[in-house]
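Below you'll find the structure, written out as structure tokens, and then a few comments.
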Amino acid sequence: MDTDEPSLMDLARDERADLAEFLATLTSDEWQTESLCTGWTVKDVVAHIVSYEELGVAGLFKRFVKGRVVRANEVGVAEYSTMSTTGLLEFLNRHLRPQGLTAGFGGMIGLVDGTVHHQDIRRALGHPRDVPAQRLQRILPLVPGNPRLGAGRRIRGLRLCANDIEWEHGHGPEVSGSGEALLLAMTGRRQAAEELSGPGVEILLGRL
């Protein structure tokens with residue numbers, strides 16, 4: 001990495017700061033709108049983003065046991081969504097720099113999750129934005145090989161090509177579009193996948 005480039009942790013912090021600034025503009029009805037995460041409102045998504053910040057090893061183990069691992073996220077949302085929207089936003093502003101689990105892999109978890117969920121909220125509310133190209137350029141290579149995100153099985157045998165930044169991945173029928181849409185499609189967001197083009201799109205859509 002170029003020594004002048006910000007770290008993943010710095011980028012994660014910047015992404016959370018942008019999200020917090022946007023959340024401060026929302027009405028109470030917008031906080032209760034369903035996001036692109038099925039079954040989760042905007043408030044639930046924010047609760048999820050911050051729900052691992054203050055968990056130590058013991059707390060993390062307890063949550064995984066309670067949620068039988070696969071439902072650990074839901075356990076965290078249930079705990080933190082009881083906070084008011086003001087409380088959640090204040091908590092986020094106190095934790096702009098990822099801590100705990102989200103600080104893992106040098107801030108990679110916080111950056112990827114923060115960016116994807118920021119878009120989950122904005123797209124659901126009809127407030128699109130251009131994700132800073134520098135962040136997309138760093139995030140996209142991190143997604144295909146991450147088993148936690150499930151991208152590998154969705155894009156297997158496909159060639160993904162961004163048309164707004166320099167990034168491509170894989171071999172096979174092409175799927176092209178914006179880096180943001182490719183990021184969200186890889187992480188299972190059908191709305192974004194429907195914006196893509198190329199002979200591989202139907203294959204991708206069939207896997208979502």
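Chain lettering (A, B, ...) mirrors the order of the structure tokens, residue numbering begins at 1 for each chain separately, and ligand numbering begins at 1 in order of display.
By only C-alpha atoms, and with residues fewer than 3 positions from Glu30 (chain A) along its chain excluded, the set lying at most 9 Å from it is Leu26, Thr27, Thr33, Glu34, Thr41, Val42, Lys43 and Leu125 of chain A.
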Could you dump the residues just selected with C-alpha atoms as a PDB file, in the first residue's frame?
```pdb
ATOM      1  CA  LEU A  26     -33.663  11.787   8.980  1.00  0.00           C
ATOM      2  CA  THR A  27     -37.222  12.122  10.228  1.00  0.00           C
ATOM      3  CA  THR A  33     -38.576   2.654   7.049  1.00  0.00           C
ATOM      4  CA  GLU A  34     -37.538  -0.848   6.019  1.00  0.00           C
ATOM      5  CA  THR A  41     -35.696  -0.932   9.547  1.00  0.00           C
ATOM      6  CA  VAL A  42     -33.172   1.867   9.159  1.00  0.00           C
ATOM      7  CA  LYS A  43     -32.993   1.982  12.956  1.00  0.00           C
ATOM      8  CA  LEU A 125     -34.975   6.035   1.495  1.00  0.00           C
TER       9      LEU A 125
END
```
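Contact shell of region 171-177 of chain A at 7 Å (only C-alpha atoms; same-chain neighbours under 4 positions omitted): Gly157, Leu158, Arg159, Leu160, Cys161, Ala162, Asn163, Ala181, Leu182, Leu196, Ser197, Gly198, Pro199, Gly200 and Val201 of chain A.
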- request: Mind giving me the straight-line distance from CA of Asp18 (chain A) to CA of Ala78 (chain A) in Å, one decimal?
  value: 24.6 Å
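Between Glu166 (chain A) and the residues A:Leu184, A:Leu136, A:Val45, A:Ala124, the shortest atom-to-atom distance, using only C-alpha atoms, involves A:Leu136.
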field: Residues flagged strand (DSSP E) by DSSP in chain A, as a PyMOL selection string
entry: chain A and resi 159-162+168-169+174-177
How about saving the chosen residues, N, CA, C and O atoms kept, as a PDB file, in the first residue's frame?
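The resulting file, result-v8.pdb, is reproduced below:
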```pdb
ATOM      1  N   ARG A 159     -17.398 -12.768 -14.712  1.00  0.00           N
ATOM      2  CA  ARG A 159     -16.388 -11.704 -14.761  1.00  0.00           C
ATOM      3  C   ARG A 159     -17.069 -10.383 -14.436  1.00  0.00           C
ATOM      4  O   ARG A 159     -17.967  -9.947 -15.162  1.00  0.00           O
ATOM      5  N   LEU A 160     -16.666  -9.776 -13.333  1.00  0.00           N
ATOM      6  CA  LEU A 160     -17.251  -8.525 -12.898  1.00  0.00           C
ATOM      7  C   LEU A 160     -16.366  -7.361 -13.323  1.00  0.00           C
ATOM      8  O   LEU A 160     -15.146  -7.399 -13.108  1.00  0.00           O
ATOM      9  N   CYS A 161     -16.969  -6.332 -13.900  1.00  0.00           N
ATOM     10  CA  CYS A 161     -16.209  -5.178 -14.382  1.00  0.00           C
ATOM     11  C   CYS A 161     -16.904  -3.887 -13.964  1.00  0.00           C
ATOM     12  O   CYS A 161     -18.068  -3.659 -14.326  1.00  0.00           O
ATOM     13  N   ALA A 162     -16.209  -3.046 -13.208  1.00  0.00           N
ATOM     14  CA  ALA A 162     -16.750  -1.739 -12.844  1.00  0.00           C
ATOM     15  C   ALA A 162     -16.538  -0.780 -14.016  1.00  0.00           C
ATOM     16  O   ALA A 162     -15.497  -0.807 -14.668  1.00  0.00           O
ATOM     17  N   GLU A 168     -11.850  -5.104 -11.817  1.00  0.00           N
ATOM     18  CA  GLU A 168     -12.512  -6.253 -12.413  1.00  0.00           C
ATOM     19  C   GLU A 168     -12.083  -7.505 -11.659  1.00  0.00           C
ATOM     20  O   GLU A 168     -11.052  -7.526 -10.994  1.00  0.00           O
ATOM     21  N   HIS A 169     -12.930  -8.530 -11.779  1.00  0.00           N
ATOM     22  CA  HIS A 169     -12.657  -9.760 -11.029  1.00  0.00           C
ATOM     23  C   HIS A 169     -13.269 -10.947 -11.748  1.00  0.00           C
ATOM     24  O   HIS A 169     -14.402 -10.883 -12.232  1.00  0.00           O
ATOM     25  N   GLU A 174     -19.698 -11.728 -18.656  1.00  0.00           N
ATOM     26  CA  GLU A 174     -19.440 -10.444 -18.002  1.00  0.00           C
ATOM     27  C   GLU A 174     -20.675  -9.867 -17.313  1.00  0.00           C
ATOM     28  O   GLU A 174     -21.797  -9.974 -17.802  1.00  0.00           O
ATOM     29  N   VAL A 175     -20.424  -9.246 -16.177  1.00  0.00           N
ATOM     30  CA  VAL A 175     -21.414  -8.446 -15.447  1.00  0.00           C
ATOM     31  C   VAL A 175     -20.760  -7.098 -15.202  1.00  0.00           C
ATOM     32  O   VAL A 175     -19.691  -7.027 -14.591  1.00  0.00           O
ATOM     33  N   SER A 176     -21.365  -6.024 -15.703  1.00  0.00           N
ATOM     34  CA  SER A 176     -20.740  -4.713 -15.567  1.00  0.00           C
ATOM     35  C   SER A 176     -21.721  -3.690 -15.012  1.00  0.00           C
ATOM     36  O   SER A 176     -22.940  -3.839 -15.112  1.00  0.00           O
ATOM     37  N   GLY A 177     -21.150  -2.664 -14.406  1.00  0.00           N
ATOM     38  CA  GLY A 177     -21.943  -1.583 -13.839  1.00  0.00           C
ATOM     39  C   GLY A 177     -21.096  -0.769 -12.892  1.00  0.00           C
ATOM     40  O   GLY A 177     -19.867  -0.909 -12.862  1.00  0.00           O
TER      41      GLY A 177
END
```
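With only C-alpha atoms as the basis for measurement, A:Ala47 is the residue among A:Ile203, A:Leu23, A:Ala47, A:Leu149 that approaches Tyr80 (chain A) most closely.
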statement: Of A:Arg135, A:His118, A:Arg153, A:Arg13, the one nearest to Arg94 (chain A) when counting only C-alpha atoms is A:Arg13
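The nearest approach to Glu54 (chain A) among the residues A:Thr25, A:Gln99, A:Gln191, A:Ser84, with only C-alpha atoms taken into account, belongs to A:Gln99.
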field: Residue contacts of Arg97 (chain A) (10 Å, only C-alpha atoms) excluding same-chain residues fewer than 4 positions away, as a PyMOL selection string
entry: chain A and resi 9-17+53+92-93+102-103+107+110-111
